[in-house]
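> Sharing a structure below in structure tokens format, with a few things to ask.
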Amino acid sequence: MRSLNRLKWLHAFEATARHGSFTGAAQELGVTPAAVGQLVRSLEDWVGHPLLHRTRSGKERLTLVGEAQEALQDITQGLDRLETGLNKLRGRRSRSVVVVTASQVLVMNWLMDRLNRFSETYENIDLRLNVTEKLMDVSHGEADIGIRCGQGDWSGVNKTWLMDEEAVLVCSPRLMPPGKMACSEWLATQKLIHDDTPHPGADFPSWNDVLMAVGAPEALESGLHINSTSAVILSALSGRGVAIVRYALVKNLIETGQLVQLHPDYRWPLTWSYYLVTPQQKVMRDEVKVFHDWLLQDVVSDH
């Protein structure tokens with residue numbers, strides 16, 4: 001005979017394992033940390049031994065014992081299959097939901113138009129957008145799929161390469177010299193916008209790298225320094241100066257004439273690429289796979 005209490009125990013245990021704390025699991029499940037702790041302890045009593053190491057480092061952290069680690073994947077897959085079965089009971093006419101996560105700059109400058117096109121094609125799938133820089137929302141199952149830019153060396157997720165990235169020079173067409181293309185000498189006289197956003201391991205070019213490549217004098221550090229890539233792009237759009245930016249984020253702006261790409265023969269390939277990431281311990285639902293495959297095809301056709 002199946003026990004619904006055991007299902008509650010497993011649900012609480014799986015959430016606790018992902019969050020590493022009763023508090024995080026409680027926030028997800030909508031109950032108190034004490035209630036989650038009691039459910040997990042009931043499961044421990046039933047199996048006859050502890051499932052979690054309880055340590056303290058600032059906040060209480062919980063780690064799995066060896067046997068629990070081995071069982072977690074099966075438990076997670078079982079809960080996912082239960083969810084799939086419930087969705088089948090609701091019938092094909094019900095609307096499916098896919099939670100998509102991406103950084104703010106990618107949503108604003110690359111993803112939003114694609115989400116609109118997807119929704120026009122798949123009207124029975126609702127997309128929910130979680131705008132965040134954190135990867136843990138995918139690895140912990142808080143989002144179904146994410147688009148991330150980096151070296152791809154993330155743990156806890158499955159990843160699919162989407163496209164490579166490079167840096168380019170851009171400015172507002174209002175800054176361009178009348179009647180001619182911008183030259184190296186002109187570039188040296190412009191206010192240079194510095195993107196101070198961290199790009200660890202990306203090999204993102206400095207302004208001195210760029211100016212040396214195009215044969216212009218070295219720049220002073222007194223240009224416009226901004227610690228947000230979104231704000232860098234907005235500053236370039238408003239005519240505040242010339243910026244070095246990731247090409248995917250400004251491709252549409254260049255094609256629509258809102259920005260001009262300077263020295264288009266010079267490109268700086270990055271060691272970052274874009275990836276689709278999904279939770280490693282969660283079976284990809286049908287609607288998530290539909291979005292995953294559609295976005296891959298959309299990127300291919302765009303190139």
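Residue numbers start at 1 in each chain; chains themselves are named A, B, ... in the order of the structure tokens; ligands are numbered from 1 in the order shown.
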Determine which residues of segment 237-284 of chain A DSSP labels as strand (DSSP E or B) from the backbone of this structure, then write them out as a ChimeraX atom specification.
/A:242-246,260-262,268-279
> Excluding same-chain residues fewer than 3 positions from Phe204 of chain A, what lies within 8 Å of it counting only C-alpha atoms, as a list in words?
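The residues that qualify are Ala167, His199, Trp268 and Leu270 of chain A.
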> Please identify all polymer residues within 7 Å of Leu127 of chain A, counting only C-alpha atoms, omitting same-chain residues fewer than 5 positions from it, and present them as a list of chain:residue names.
A:Val97, A:Val98, A:Val99, A:Val100
> Take the residues from that selection and put them in a file with C-alpha atoms, as a PDB file, in the first residue's frame.

ATOM      1  CA  VAL A  97       4.142  26.675 -18.566  1.00  0.00           C
ATOM      2  CA  VAL A  98       7.883  26.987 -19.243  1.00  0.00           C
ATOM      3  CA  VAL A  99       9.972  29.091 -16.876  1.00  0.00           C
ATOM      4  CA  VAL A 100      12.834  30.747 -18.779  1.00  0.00           C
TER       5      VAL A 100
END
> Quick one: DSSP helix (DSSP H, G or I) residues in segment 113-240 of chain A, as a CSV table (one decimal) with C-alpha atoms, in the first residue's frame?

chain,number,residue,atom,x,y,z
A,113,ASP,CA,11.7,39.4,-29.6
A,114,ARG,CA,12.3,35.7,-29.7
A,115,LEU,CA,10.0,35.0,-26.8
A,116,ASN,CA,7.3,37.0,-28.7
A,117,ARG,CA,7.8,35.0,-31.9
A,118,PHE,CA,7.7,31.7,-30.0
A,119,SER,CA,4.4,32.6,-28.2
A,120,GLU,CA,2.9,33.5,-31.6
A,121,THR,CA,3.8,30.0,-32.9
A,136,MET,CA,21.5,28.4,-9.4
A,137,ASP,CA,17.9,29.1,-10.4
A,138,VAL,CA,18.5,26.4,-13.1
A,139,SER,CA,20.7,24.0,-11.2
A,173,PRO,CA,24.9,57.5,-35.8
A,174,ARG,CA,24.6,61.1,-34.4
A,175,LEU,CA,28.3,60.9,-33.5
A,184,SER,CA,41.3,56.0,-36.2
A,185,GLU,CA,42.1,59.6,-35.7
A,186,TRP,CA,38.4,60.5,-35.1
A,187,LEU,CA,38.1,57.6,-32.7
A,188,ALA,CA,40.9,58.9,-30.6
A,207,TRP,CA,40.2,50.0,-24.9
A,208,ASN,CA,44.0,50.1,-25.3
A,209,ASP,CA,43.8,46.7,-27.1
A,210,VAL,CA,41.2,48.0,-29.4
A,211,LEU,CA,42.9,51.3,-30.1
A,212,MET,CA,46.2,49.6,-30.8
A,213,ALA,CA,44.6,47.2,-33.2
A,214,VAL,CA,43.0,50.0,-35.3
A,229,THR,CA,26.4,46.3,-19.8
A,230,SER,CA,22.8,47.4,-20.3
A,231,ALA,CA,23.7,50.9,-19.3
A,232,VAL,CA,26.8,50.8,-21.6
A,233,ILE,CA,24.5,50.1,-24.5
A,234,LEU,CA,22.0,52.8,-23.5
A,235,SER,CA,24.8,55.3,-23.2
A,236,ALA,CA,26.0,54.4,-26.7
A,237,LEU,CA,22.4,54.7,-28.0
> Here is a test: counting only C-alpha atoms, which residue of A:Asn109, A:Ser96, A:Gln190, A:Gln261 is nearest to Leu169 of chain A?
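Checking each of A:Asn109, A:Ser96, A:Gln190, A:Gln261 against Leu169 of chain A, counting only C-alpha atoms, the winner is A:Gln261.
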> Could you check how far atom CA of Leu129 of chain A sits from atom CA of Phe22 of chain A, in Å to one decimal?
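Interatomic distance here is 26.1 Å.
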> When you count only C-alpha atoms, which of these residues is closest to Val290 of chain A: A:Arg61, A:Asn124, A:Tyr274, A:Thr101?
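That would be A:Asn124, the residue with the smallest distance to Val290 of chain A.
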> Leaving out Leu10 of chain A and any residue of its chain fewer than 3 positions from it, which residues lie within 8 Å of it when counting only C-alpha atoms, given as a CSV table (one decimal) with N, CA and C atoms, in the first residue's frame?

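Ended up saving to part.csv:
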chain,number,residue,atom,x,y,z
A,6,ARG,N,4.6,9.4,2.9
A,6,ARG,CA,6.0,9.1,2.4
A,6,ARG,C,6.2,10.1,1.2
A,7,LEU,N,5.2,10.3,0.4
A,7,LEU,CA,5.4,11.3,-0.7
A,7,LEU,C,5.7,12.7,-0.2
A,13,PHE,N,12.3,16.3,1.4
A,13,PHE,CA,13.7,15.9,1.4
A,13,PHE,C,14.4,16.3,0.1
A,14,GLU,N,13.7,16.2,-1.1
A,14,GLU,CA,14.3,16.6,-2.4
A,14,GLU,C,14.5,18.1,-2.4
A,40,VAL,N,11.4,15.7,7.0
A,40,VAL,CA,12.7,15.0,6.7
A,40,VAL,C,13.1,14.1,7.8
A,43,LEU,N,11.2,10.9,7.5
A,43,LEU,CA,11.8,10.1,6.5
A,43,LEU,C,13.0,9.4,7.1
A,75,ILE,N,14.8,9.8,-6.8
A,75,ILE,CA,13.6,10.5,-6.2
A,75,ILE,C,13.2,11.7,-7.1
